[in-house]
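Here is the file structure.cif (mmCIF, C-alpha atoms).
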```cif
data_coords
#
loop_
_atom_site.label_atom_id
_atom_site.label_comp_id
_atom_site.auth_asym_id
_atom_site.auth_seq_id
_atom_site.Cartn_x
_atom_site.Cartn_y
_atom_site.Cartn_z
CA MET A 1 0.00 0.00 0.00
CA SER A 2 1.37 3.44 -0.91
CA GLU A 3 2.12 6.17 1.62
CA ASN A 4 -0.78 8.20 0.29
CA ALA A 5 -3.11 5.27 0.75
CA LYS A 6 -1.85 4.77 4.28
CA GLY A 7 -2.40 8.43 5.08
CA SER A 8 -5.93 8.30 3.73
CA PHE A 9 -6.50 5.08 5.65
CA ASN A 10 -5.50 6.68 8.96
CA ILE A 11 -7.22 10.05 8.55
CA LYS A 12 -10.59 8.34 8.10
CA TYR A 13 -10.43 7.09 11.67
CA VAL A 14 -9.46 10.53 12.90
CA HIS A 15 -12.54 12.00 11.24
CA PHE A 16 -14.68 9.27 12.78
CA ALA A 17 -13.28 10.05 16.25
CA VAL A 18 -13.91 13.78 15.82
CA VAL A 19 -17.50 13.23 14.68
CA PHE A 20 -18.09 10.81 17.58
CA ALA A 21 -16.64 13.28 20.11
CA LEU A 22 -18.71 16.19 18.81
CA MET A 23 -21.95 14.22 18.78
CA PHE A 24 -21.60 12.44 22.10
CA PHE A 25 -19.33 14.63 24.27
CA PHE A 26 -20.02 18.23 23.19
CA ARG A 27 -23.13 18.07 25.40
CA PHE A 28 -20.94 17.98 28.53
CA ILE A 29 -19.67 21.51 27.89
CA PRO A 30 -21.42 23.86 30.34
CA PRO A 31 -24.35 25.63 28.61
CA VAL A 32 -23.83 29.24 27.57
CA GLY A 33 -26.45 31.92 28.23
CA THR A 34 -29.99 30.69 27.69
CA ILE A 35 -28.95 27.51 25.89
CA THR A 36 -30.21 24.40 27.69
CA PRO A 37 -28.24 21.12 28.09
CA TYR A 38 -30.55 19.64 25.46
CA GLY A 39 -29.67 22.53 23.19
CA MET A 40 -25.95 21.91 23.70
CA ALA A 41 -26.43 18.28 22.75
CA LEU A 42 -28.23 19.28 19.54
CA ILE A 43 -25.54 21.83 18.70
CA GLY A 44 -22.87 19.14 19.09
CA ILE A 45 -24.79 16.77 16.83
CA PHE A 46 -25.29 19.52 14.24
CA ILE A 47 -21.59 20.46 14.24
CA GLY A 48 -20.66 16.77 14.01
CA LEU A 49 -22.95 16.33 11.00
CA ILE A 50 -21.51 19.35 9.20
CA TYR A 51 -17.96 18.21 9.94
CA GLY A 52 -18.57 14.60 8.86
CA TRP A 53 -20.39 15.58 5.69
CA THR A 54 -17.62 18.04 4.81
CA VAL A 55 -14.58 15.78 5.33
CA ASP A 56 -16.19 12.72 3.72
CA ALA A 57 -18.53 14.07 1.08
CA ASP A 58 -18.39 10.79 -0.86
CA ASN A 59 -19.87 8.82 2.03
CA LEU A 60 -22.50 10.85 3.88
CA CYS A 61 -24.33 7.80 5.18
CA TRP A 62 -22.23 6.88 8.21
CA THR A 63 -22.26 10.45 9.53
CA SER A 64 -26.03 10.67 9.15
CA LEU A 65 -26.58 7.33 10.90
CA MET A 66 -24.37 8.37 13.81
CA GLY A 67 -26.33 11.63 14.07
CA ILE A 68 -29.57 9.70 14.47
CA VAL A 69 -28.05 7.47 17.17
CA ALA A 70 -26.64 10.52 18.98
CA LEU A 71 -30.08 12.15 18.90
CA GLY A 72 -31.42 9.05 20.60
CA VAL A 73 -29.30 9.63 23.70
CA THR A 74 -30.65 13.14 24.23
CA ASP A 75 -33.96 14.21 25.76
CA PHE A 76 -35.54 13.50 22.37
CA GLY A 77 -36.22 9.92 23.53
CA ASN A 78 -34.10 6.94 22.55
CA ALA A 79 -32.37 5.71 19.41
CA GLY A 80 -35.36 3.55 18.47
CA THR A 81 -37.65 6.58 18.58
CA ALA A 82 -35.22 8.70 16.57
CA LEU A 83 -34.76 6.00 13.95
CA ALA A 84 -38.49 5.33 13.69
CA THR A 85 -39.04 9.08 13.23
CA ALA A 86 -36.38 9.20 10.51
CA PHE A 87 -37.51 6.08 8.63
CA GLY A 88 -41.22 6.08 9.46
CA ASN A 89 -41.55 2.54 10.82
CA GLU A 90 -39.36 0.40 13.09
CA SER A 91 -40.15 -2.84 11.26
CA VAL A 92 -39.15 -1.38 7.90
CA LEU A 93 -36.04 0.07 9.53
CA LEU A 94 -35.04 -3.29 11.00
CA MET A 95 -35.46 -4.96 7.61
CA LEU A 96 -33.24 -2.33 5.98
CA LEU A 97 -30.59 -2.63 8.68
CA GLY A 98 -30.68 -6.40 8.30
CA MET A 99 -30.15 -6.01 4.55
CA PHE A 100 -27.01 -3.96 5.20
CA PHE A 101 -25.58 -6.80 7.28
CA LEU A 102 -26.66 -9.43 4.78
CA GLY A 103 -24.98 -7.51 1.99
CA MET A 104 -21.80 -7.33 4.03
CA LEU A 105 -21.89 -11.06 4.83
CA GLN A 106 -22.57 -12.10 1.24
CA GLU A 107 -20.15 -9.69 -0.42
CA SER A 108 -17.31 -10.90 1.84
CA GLN A 109 -18.38 -14.54 1.21
CA LEU A 110 -18.47 -15.09 4.96
CA THR A 111 -21.76 -16.98 4.58
CA GLU A 112 -19.97 -19.44 2.28
CA TRP A 113 -17.21 -19.83 4.89
CA ILE A 114 -19.79 -20.51 7.63
CA SER A 115 -21.55 -23.02 5.37
CA ASN A 116 -18.24 -24.78 4.68
CA LYS A 117 -17.53 -24.95 8.41
CA LEU A 118 -20.90 -26.55 9.16
CA LEU A 119 -20.79 -29.01 6.28
CA GLY A 120 -17.17 -29.90 7.04
CA ALA A 121 -17.60 -30.29 10.82
CA LYS A 122 -16.43 -33.64 12.14
CA PHE A 123 -19.35 -33.99 14.55
CA THR A 124 -21.75 -34.04 11.57
CA GLN A 125 -19.75 -36.44 9.39
CA GLY A 126 -22.09 -39.23 8.34
CA LYS A 127 -24.76 -37.85 10.66
CA PRO A 128 -27.11 -35.73 8.51
CA TRP A 129 -29.82 -35.62 11.18
CA VAL A 130 -27.33 -34.22 13.71
CA LEU A 131 -26.47 -31.46 11.24
CA THR A 132 -30.17 -30.87 10.58
CA ALA A 133 -30.96 -30.57 14.29
CA PHE A 134 -28.01 -28.22 14.77
CA VAL A 135 -28.90 -25.78 11.97
CA ILE A 136 -32.57 -25.67 13.07
CA ILE A 137 -32.32 -25.58 16.86
CA VAL A 138 -29.13 -23.61 17.64
CA PRO A 139 -30.03 -20.48 15.59
CA ALA A 140 -33.57 -20.57 17.01
CA LEU A 141 -32.16 -20.65 20.55
CA ILE A 142 -29.97 -17.64 19.72
CA THR A 143 -33.14 -15.63 19.05
CA ILE A 144 -33.83 -15.87 22.79
CA LEU A 145 -30.92 -13.49 23.30
CA VAL A 146 -30.81 -11.49 20.05
CA ASN A 147 -33.48 -9.79 17.97
CA ALA A 148 -35.30 -12.59 16.15
CA THR A 149 -35.73 -10.63 12.91
CA LEU A 150 -32.00 -9.98 12.53
CA VAL A 151 -31.10 -13.61 13.30
CA SER A 152 -33.75 -14.88 10.87
CA LEU A 153 -32.54 -12.67 8.03
CA MET A 154 -28.95 -13.82 8.56
CA MET A 155 -29.94 -17.48 8.80
CA PHE A 156 -31.98 -17.41 5.59
CA VAL A 157 -28.81 -16.43 3.69
CA ILE A 158 -26.73 -19.08 5.45
CA TYR A 159 -29.41 -21.72 4.83
CA ALA A 160 -29.46 -20.86 1.13
CA GLU A 161 -25.68 -21.34 0.95
CA ILE A 162 -25.86 -24.68 2.81
CA PHE A 163 -28.60 -25.97 0.52
CA ARG A 164 -26.71 -24.83 -2.58
CA GLN A 165 -23.45 -26.46 -1.58
CA ALA A 166 -25.19 -29.67 -0.51
CA GLY A 167 -26.81 -29.90 -3.95
CA TYR A 168 -30.45 -29.23 -3.06
CA LYS A 169 -32.63 -27.53 -5.68
CA LYS A 170 -35.76 -25.41 -5.68
CA GLY A 171 -38.77 -27.57 -4.91
CA ASP A 172 -36.93 -30.15 -2.78
CA MET A 173 -38.75 -31.02 0.43
CA TYR A 174 -35.77 -30.97 2.79
CA PRO A 175 -34.91 -27.24 2.54
CA ALA A 176 -38.58 -26.31 3.03
CA MET A 177 -38.82 -28.49 6.14
CA VAL A 178 -35.65 -26.98 7.59
CA LEU A 179 -36.95 -23.44 7.12
CA MET A 180 -40.34 -24.29 8.61
CA GLY A 181 -38.65 -26.01 11.55
CA PHE A 182 -36.47 -23.00 12.25
CA MET A 183 -39.42 -20.60 12.18
CA LEU A 184 -41.51 -22.91 14.39
CA VAL A 185 -38.83 -23.33 17.06
CA ASN A 186 -37.99 -19.64 16.73
CA SER A 187 -41.61 -18.69 17.49
CA VAL A 188 -41.71 -20.94 20.56
CA CYS A 189 -38.39 -19.59 21.85
CA LEU A 190 -39.74 -16.04 21.74
CA SER A 191 -42.14 -17.00 24.54
CA LEU A 192 -39.45 -18.18 26.97
CA PHE A 193 -39.25 -15.05 29.13
CA PRO A 194 -42.51 -13.58 30.47
CA PHE A 195 -40.93 -10.15 30.82
CA ARG A 196 -40.11 -9.62 27.13
CA GLY A 197 -42.06 -8.95 23.94
CA TRP A 198 -45.67 -10.03 23.59
CA CYS A 199 -45.37 -12.18 26.73
CA LEU A 200 -45.02 -9.01 28.80
CA MET A 201 -48.31 -7.78 27.38
CA THR A 202 -49.95 -11.11 28.26
CA VAL A 203 -48.63 -10.96 31.82
CA GLY A 204 -49.82 -7.38 32.15
CA MET A 205 -53.33 -8.27 31.00
CA ALA A 206 -53.41 -11.24 33.37
CA THR A 207 -52.23 -9.12 36.29
CA LYS A 208 -54.83 -6.47 35.55
CA ALA A 209 -57.48 -9.19 35.57
CA GLY A 210 -56.29 -10.37 38.99
CA VAL A 211 -54.55 -13.53 37.77
CA ALA A 212 -51.15 -14.15 39.34
CA ILE A 213 -48.42 -15.44 37.02
CA ASN A 214 -45.72 -17.70 38.42
CA MET A 215 -42.64 -16.52 36.51
CA SER A 216 -40.46 -19.55 37.27
CA GLY A 217 -43.32 -21.88 36.37
CA TRP A 218 -43.80 -20.00 33.08
CA ILE A 219 -40.12 -20.40 32.15
CA ILE A 220 -40.01 -24.10 33.10
CA THR A 221 -43.14 -24.76 31.05
CA GLU A 222 -41.65 -22.94 28.05
CA VAL A 223 -38.38 -24.89 28.32
CA VAL A 224 -40.36 -28.13 28.18
CA THR A 225 -42.42 -26.77 25.26
CA ILE A 226 -39.27 -25.83 23.33
CA ALA A 227 -37.78 -29.30 23.90
CA VAL A 228 -40.98 -31.04 22.81
CA THR A 229 -41.22 -28.81 19.72
CA CYS A 230 -37.63 -29.53 18.70
CA ILE A 231 -37.95 -33.28 19.13
CA GLY A 232 -41.41 -33.35 17.57
CA TRP A 233 -40.35 -31.48 14.45
CA MET A 234 -37.32 -33.71 13.92
CA LEU A 235 -39.65 -36.74 14.10
CA ILE A 236 -42.01 -35.12 11.61
CA MET A 237 -39.13 -34.53 9.20
CA LEU A 238 -38.01 -38.14 9.69
CA VAL A 239 -41.38 -39.58 8.57
CA THR A 240 -42.28 -36.97 5.93
CA PRO A 241 -42.16 -38.47 2.41
CA GLY A 242 -39.62 -36.71 0.21
CA CYS A 243 -37.68 -35.15 3.10
CA LYS A 244 -34.42 -36.82 2.14
CA VAL A 245 -31.00 -36.28 3.72
CA ASP A 246 -29.16 -38.45 1.19
CA LYS A 247 -27.27 -35.48 -0.24
CA LEU A 248 -25.91 -34.63 3.19
CA LYS A 249 -24.72 -38.22 3.63
CA GLU A 250 -22.78 -38.05 0.37
CA ILE A 251 -20.85 -34.91 1.35
CA ASP A 252 -17.05 -35.18 1.27
CA ILE A 253 -16.16 -33.13 4.34
CA THR A 254 -12.50 -32.87 3.30
CA VAL A 255 -13.57 -30.58 0.45
CA PHE A 256 -15.42 -28.22 2.77
CA GLN A 257 -12.66 -28.35 5.39
CA LYS A 258 -10.22 -27.23 2.72
CA ASP A 259 -12.51 -24.47 1.41
CA SER A 260 -13.32 -23.07 4.88
CA ALA A 261 -9.81 -21.97 5.82
CA PRO A 262 -8.37 -19.49 6.29
CA LEU A 263 -10.45 -16.35 6.72
CA THR A 264 -9.47 -13.36 4.61
CA LYS A 265 -8.79 -9.99 6.22
CA LYS A 266 -12.17 -8.70 5.13
CA GLN A 267 -13.98 -11.80 6.39
CA LYS A 268 -12.28 -11.35 9.76
CA ALA A 269 -13.41 -7.73 9.88
CA VAL A 270 -17.00 -8.68 8.97
CA LEU A 271 -16.94 -11.46 11.57
CA VAL A 272 -15.71 -9.05 14.26
CA ILE A 273 -18.45 -6.52 13.44
CA THR A 274 -21.12 -9.24 13.31
CA LEU A 275 -20.06 -10.69 16.68
CA ALA A 276 -19.86 -7.20 18.19
CA ASN A 277 -23.35 -6.54 16.90
CA LEU A 278 -24.75 -9.76 18.37
CA ILE A 279 -22.99 -9.35 21.74
CA GLY A 280 -24.03 -5.71 21.98
CA CYS A 281 -27.66 -6.61 21.25
CA ILE A 282 -27.57 -9.29 23.96
CA VAL A 283 -26.07 -6.94 26.56
CA ILE A 284 -28.53 -4.14 25.77
CA SER A 285 -31.51 -6.51 25.86
CA PHE A 286 -30.72 -7.79 29.35
CA ILE A 287 -28.90 -4.87 30.99
CA SER A 288 -30.60 -3.27 33.98
CA GLY A 289 -30.13 -0.07 35.95
CA THR A 290 -30.44 3.63 35.23
CA ALA A 291 -27.05 5.06 36.13
CA GLY A 292 -24.27 6.39 33.88
CA PHE A 293 -23.11 4.23 31.02
CA VAL A 294 -25.92 1.72 31.55
CA GLN A 295 -28.54 4.39 30.82
CA VAL A 296 -26.63 5.50 27.73
CA LEU A 297 -26.66 1.94 26.39
CA LYS A 298 -30.37 1.59 27.14
CA ASN A 299 -31.07 4.84 25.27
CA ILE A 300 -29.02 3.64 22.31
CA GLY A 301 -31.02 0.41 22.33
CA VAL A 302 -30.76 -2.51 19.93
CA TYR A 303 -31.67 -0.39 16.90
CA GLY A 304 -29.10 2.26 17.72
CA TRP A 305 -26.41 -0.33 18.33
CA VAL A 306 -27.01 -1.98 14.96
CA VAL A 307 -26.83 1.42 13.25
CA LEU A 308 -23.59 2.21 15.09
CA MET A 309 -22.05 -1.07 13.90
CA ILE A 310 -23.10 -0.26 10.32
CA ALA A 311 -21.49 3.18 10.58
CA ILE A 312 -18.25 1.60 11.84
CA ALA A 313 -18.34 -0.90 8.97
CA MET A 314 -18.60 2.00 6.51
CA VAL A 315 -15.54 3.70 8.02
CA TRP A 316 -13.36 0.64 8.66
CA LYS A 317 -11.23 -0.12 5.62
CA VAL A 318 -9.47 -3.36 4.74
CA ASP A 319 -6.95 -3.27 1.90
CA GLY A 320 -8.18 0.18 0.98
CA GLN A 321 -11.85 -0.81 0.70
CA PRO A 322 -14.62 -0.22 3.27
CA VAL A 323 -15.88 -3.33 5.03
CA LEU A 324 -19.40 -2.25 4.08
CA ASP A 325 -19.26 -0.82 0.58
CA LYS A 326 -22.01 1.76 0.17
CA LYS A 327 -21.83 1.27 -3.58
CA LYS A 328 -23.03 -2.33 -3.21
CA ALA A 329 -25.45 -2.00 -0.30
CA PRO A 330 -27.93 0.31 -2.12
CA ALA A 331 -29.04 -2.51 -4.41
CA LYS A 332 -30.37 -4.39 -1.39
CA TYR A 333 -32.06 -1.25 -0.11
CA LEU A 334 -33.85 -0.68 -3.43
CA SER A 335 -34.75 -4.35 -3.65
CA ILE A 336 -36.49 -4.33 -0.25
CA ARG A 337 -37.91 -0.82 -0.45
CA TYR A 338 -39.49 -1.18 -3.90
CA SER A 339 -40.04 -4.98 -4.12
CA LEU A 340 -37.75 -5.46 -7.13
CA PRO A 341 -35.20 -8.21 -7.87
CA GLU A 342 -31.78 -7.30 -6.50
CA TRP A 343 -30.07 -8.03 -9.84
CA LEU A 344 -32.36 -5.51 -11.53
CA CYS A 345 -31.62 -2.86 -8.88
CA SER A 346 -27.88 -3.47 -9.34
CA TYR A 347 -28.30 -3.00 -13.09
CA PHE A 348 -30.22 0.27 -12.65
CA ILE A 349 -27.55 1.62 -10.28
CA LYS A 350 -24.74 0.62 -12.61
CA GLU A 351 -26.36 2.13 -15.70
CA TYR A 352 -28.00 5.28 -14.29
CA GLY A 353 -26.55 5.97 -10.83
CA MET A 354 -28.26 5.67 -7.45
CA ASP A 355 -30.49 8.76 -7.68
CA GLN A 356 -31.95 7.88 -11.07
CA ALA A 357 -32.18 4.19 -10.14
CA GLU A 358 -34.36 5.05 -7.13
CA LYS A 359 -36.58 7.23 -9.32
CA ILE A 360 -37.01 4.32 -11.73
CA ALA A 361 -37.78 1.94 -8.86
CA ASP A 362 -40.24 4.38 -7.32
CA GLY A 363 -41.91 4.94 -10.68
CA SER A 364 -42.45 1.20 -11.09
CA LEU A 365 -44.85 1.30 -8.11
CA ARG A 366 -46.86 4.28 -9.30
CA ASN A 367 -49.80 4.30 -11.66
CA PRO A 368 -48.60 5.75 -14.98
CA LYS A 369 -50.34 8.68 -16.62
CA THR A 370 -52.77 7.69 -19.34
CA THR A 371 -51.47 8.59 -22.79
CA ILE A 372 -54.17 9.54 -25.28
CA ARG A 373 -54.00 10.28 -28.98
CA CYS A 374 -56.00 13.20 -30.27
CA ASN A 375 -58.14 12.43 -33.30
CA VAL A 376 -57.07 15.48 -35.34
CA ASN A 377 -59.67 14.61 -37.98
CA LYS A 378 -62.37 15.67 -35.51
CA ILE A 379 -60.70 18.18 -33.16
CA SER A 380 -57.42 19.98 -32.71
CA LYS A 381 -55.04 18.94 -29.96
CA ASP A 382 -55.22 22.33 -28.20
CA GLU A 383 -59.01 22.42 -28.26
CA LEU A 384 -59.23 18.88 -26.86
CA ALA A 385 -56.81 19.78 -24.08
CA ASN A 386 -58.82 22.89 -23.16
CA ARG A 387 -62.11 20.98 -23.09
CA LEU A 388 -60.65 18.28 -20.84
CA ARG A 389 -59.09 20.85 -18.48
CA ALA A 390 -62.47 22.62 -18.24
CA GLN A 391 -63.86 19.40 -16.75
CA GLY A 392 -61.19 19.40 -14.03
CA PHE A 393 -58.83 16.83 -15.55
CA LEU A 394 -55.05 17.23 -15.50
CA VAL A 395 -53.77 17.40 -19.07
CA GLU A 396 -50.15 17.68 -20.21
CA ASP A 397 -48.51 17.66 -23.63
CA GLY A 398 -46.84 14.46 -24.73
CA VAL A 399 -43.05 14.38 -24.91
CA TYR A 400 -42.37 12.56 -28.19
CA ALA A 401 -45.47 12.23 -30.38
CA LYS A 402 -47.08 15.39 -31.77
CA ASP A 403 -50.67 14.23 -31.19
CA ALA A 404 -50.05 12.83 -27.68
CA LEU A 405 -51.51 14.13 -24.43
CA TYR A 406 -51.11 12.85 -20.87
CA LEU A 407 -54.41 12.56 -19.01
CA SER A 408 -54.88 12.02 -15.27
CA GLY A 409 -57.33 12.85 -12.50
CA TYR A 410 -60.31 11.13 -14.13
CA ASP A 411 -62.60 8.45 -12.74
CA ALA A 412 -63.64 6.45 -15.79
CA LEU A 413 -62.87 7.09 -19.45
CA GLU A 414 -66.31 5.96 -20.60
CA LYS A 415 -67.84 8.86 -18.68
CA ILE A 416 -65.83 11.49 -20.60
CA PRO A 417 -67.96 12.93 -23.46
CA GLU A 418 -64.95 13.49 -25.71
CA PHE A 419 -64.02 9.83 -25.43
CA LYS A 420 -67.57 8.77 -26.32
CA ASP A 421 -67.53 11.11 -29.32
CA GLY A 422 -64.25 9.65 -30.61
CA PHE A 423 -62.18 12.80 -30.10
CA PHE A 424 -59.35 10.73 -28.58
CA GLN A 425 -58.29 7.15 -27.99
CA ILE A 426 -55.84 5.39 -25.66
CA GLN A 427 -52.45 4.80 -27.25
CA ASP A 428 -48.91 5.07 -25.87
CA GLU A 429 -46.41 7.33 -27.55
CA SER A 430 -44.19 4.51 -28.80
CA SER A 431 -47.09 3.24 -30.89
CA MET A 432 -47.83 6.72 -32.21
CA LEU A 433 -44.22 7.19 -33.28
CA VAL A 434 -44.36 4.08 -35.48
CA ALA A 435 -46.87 5.75 -37.79
CA GLU A 436 -44.99 9.06 -37.76
CA LEU A 437 -41.65 7.47 -38.56
CA ALA A 438 -43.18 5.33 -41.30
CA GLY A 439 -44.05 8.52 -43.15
CA LEU A 440 -47.55 7.38 -44.10
CA LYS A 441 -49.49 9.75 -46.35
CA LYS A 442 -53.20 10.26 -46.83
CA ASN A 443 -54.71 7.97 -49.48
#
```
Can you present the structure in this file as structure tokens?
Amino acid sequence: MSENAKGSFNIKYVHFAVVFALMFFFRFIPPVGTITPYGMALIGIFIGLIYGWTVDADNLCWTSLMGIVALGVTDFGNAGTALATAFGNESVLLMLLGMFFLGMLQESQLTEWISNKLLGAKFTQGKPWVLTAFVIIVPALITILVNATLVSLMMFVIYAEIFRQAGYKKGDMYPAMVLMGFMLVNSVCLSLFPFRGWCLMTVGMATKAGVAINMSGWIITEVVTIAVTCIGWMLIMLVTPGCKVDKLKEIDITVFQKDSAPLTKKQKAVLVITLANLIGCIVISFISGTAGFVQVLKNIGVYGWVVLMIAIAMVWKVDGQPVLDKKKAPAKYLSIRYSLPEWLCSYFIKEYGMDQAEKIADGSLRNPKTTIRCNVNKISKDELANRLRAQGFLVEDGVYAKDALYLSGYDALEKIPEFKDGFFQIQDESSMLVAELAGLKKN
């Protein structure tokens, strides 16, 4: 790596440290005049945003994400509230954050490395049902400690890689049974603790109704339920016709053992960030108290912690490239946001740039304006446009064809007198241009 590259590599971390200090520590400066402590915190965040956007104009995202997290540890509320305000909905936000991590895992091929490790593990050699139980039950148990949505999103990608390398194809029964088993055990595991999630609501309703809930009895019952569910589903898979593990039996583990080592520098970085994300989510979910650093972590919350990890991934560079490449992540964002295939989003971004690609994606979800062709044998284009506007319709000139108009704001075409009288018909401009370019003449 050149000296210039090294200098650029180091200065990025300096900028990150300055932005972090401004956003999170400027608030401890004694307020001046009538400025409140809350006001000082906002000023620090604002200065941090301006600084970050200025020194790294090519990558505004990490600075913006850090600003939202910093806002969450002020009197505004918490990071979850700030993020929900910024993105509109926490569920959508969590899906988007999960897509960032999935993109990072896939782009670094860490999911392939994990798949190789599982398929090449000695404890699963010749024991396909042991491997099956492991990949269903262990991830589901992890959702007890970590946000279930994030774990599920990550596991779906890992499952796909395992199925691909084992030779399973679309329509095979085994992959479907594995996915259903994971979701079933996952759902049961979510009920383990009566003081979390929907269980807390159930306990609250029971308490309000005068019904006492034995917490230890609840947990013991759920542990038994989880065990029965796990064993029961494995038995169901065992007797289900078509749920074959033959391909797992035929695996040559020496191939996967060879392919799984060693980790590249980027894979190590992604693994560190992923583990830090999971551990941080676990700590924040179970931490208690209201003093000092504990309260700060609680205000950051799981959502804020995930965003902070994403921001770090955008700043951290390995071999001159960011661990999370913003140029590759947007395709996943567009894919989820606008329900389009990821390959198509990648193509749009490559051909037209991110801004235009998002406009194209957004336009695909909107109802297009109706293009009409004026029958110039009965009425002029201008007169038709004026008559339609007089009825309250929105009318615009076409872009390419001389007789084209764009019509919107109507209820039903058959109710428009001019349509009944044959003054216009529905036809897109590409069809109109065919006749114009053909140079057809009267008679």
_Running the PyMOL selection byres ((chain A and resi 316-318) around 9) on this model by hand, what would come out? Give it as a PyMOL selection string._
chain A and resi 9+12-13+265-266+269+311-315+319-324
*Given the file shown, determine the residues that the PyMOL selection byres ((chain A and resi 105) around 9) selects; report them as a PyMOL selection string.*
chain A and resi 100-104+106-112+154+157+267+270-271+274
_Given all atoms listed in the file as the counted atoms, nearest of A:Phe424, A:Phe25, A:Phe123, A:Phe134 to Gly44 (chain A)_ =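 Checking each of A:Phe424, A:Phe25, A:Phe123, A:Phe134 against Gly44 (chain A), counting all atoms listed in the file, the winner is A:Phe25.
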*Residues picked by the PyMOL selection byres ((chain A and resi 357) around 12) here, as a PyMOL selection string?*
chain A and resi 330-331+333-335+338+340+344-356+358-364
*What gap, in Å, lies between CA of Tyr51 (chain A) and CA of Val19 (chain A)?*
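The value is 6.9 Å.
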*CA of Phe419 (chain A) and CA of Lys381 (chain A), how far apart in Å?*
13.6 Å
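When only C-alpha atoms are used to compute distances to Met234 (chain A), the closest of the residues A:Thr371, A:Gln165, A:Ser339, A:Thr132 turns out to be A:Thr132.
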*So what do you get for CA of Val146 (chain A) versus CA of Gly301 (chain A), distance-wise?*
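Separation of CA of Val146 (chain A) and CA of Gly301 (chain A): 12.1 Å.
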_Under the rule that only C-alpha atoms are counted, which of A:Gly210, A:Gly409, A:Gly52, A:Pro31 is the nearest residue to His15 (chain A)?_
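Among the listed residues, A:Gly52 lies closest to His15 (chain A).
Using all atoms listed in the file, the shortest contact distance between Ile231 (chain A) and any of A:Leu179, A:Val55, A:Leu184, A:Val151 is found at A:Leu184.
Distance annotation: of A:Leu248, A:Ile29, A:Val178, A:Cys189, the residue with the minimal separation from Val228 (chain A) is A:Cys189; atom set is only C-alpha atoms.
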Hey, can I get the axis-aligned box for region 301-306 of chain A? All listed atoms, 6 Å padding on each side, centre and edge lengths in Å to one decimal, as JSON.
```
{"center_x": -29.0, "center_y": -0.1, "center_z": 18.6, "size_x": 17.3, "size_y": 16.8, "size_z": 19.4}
```
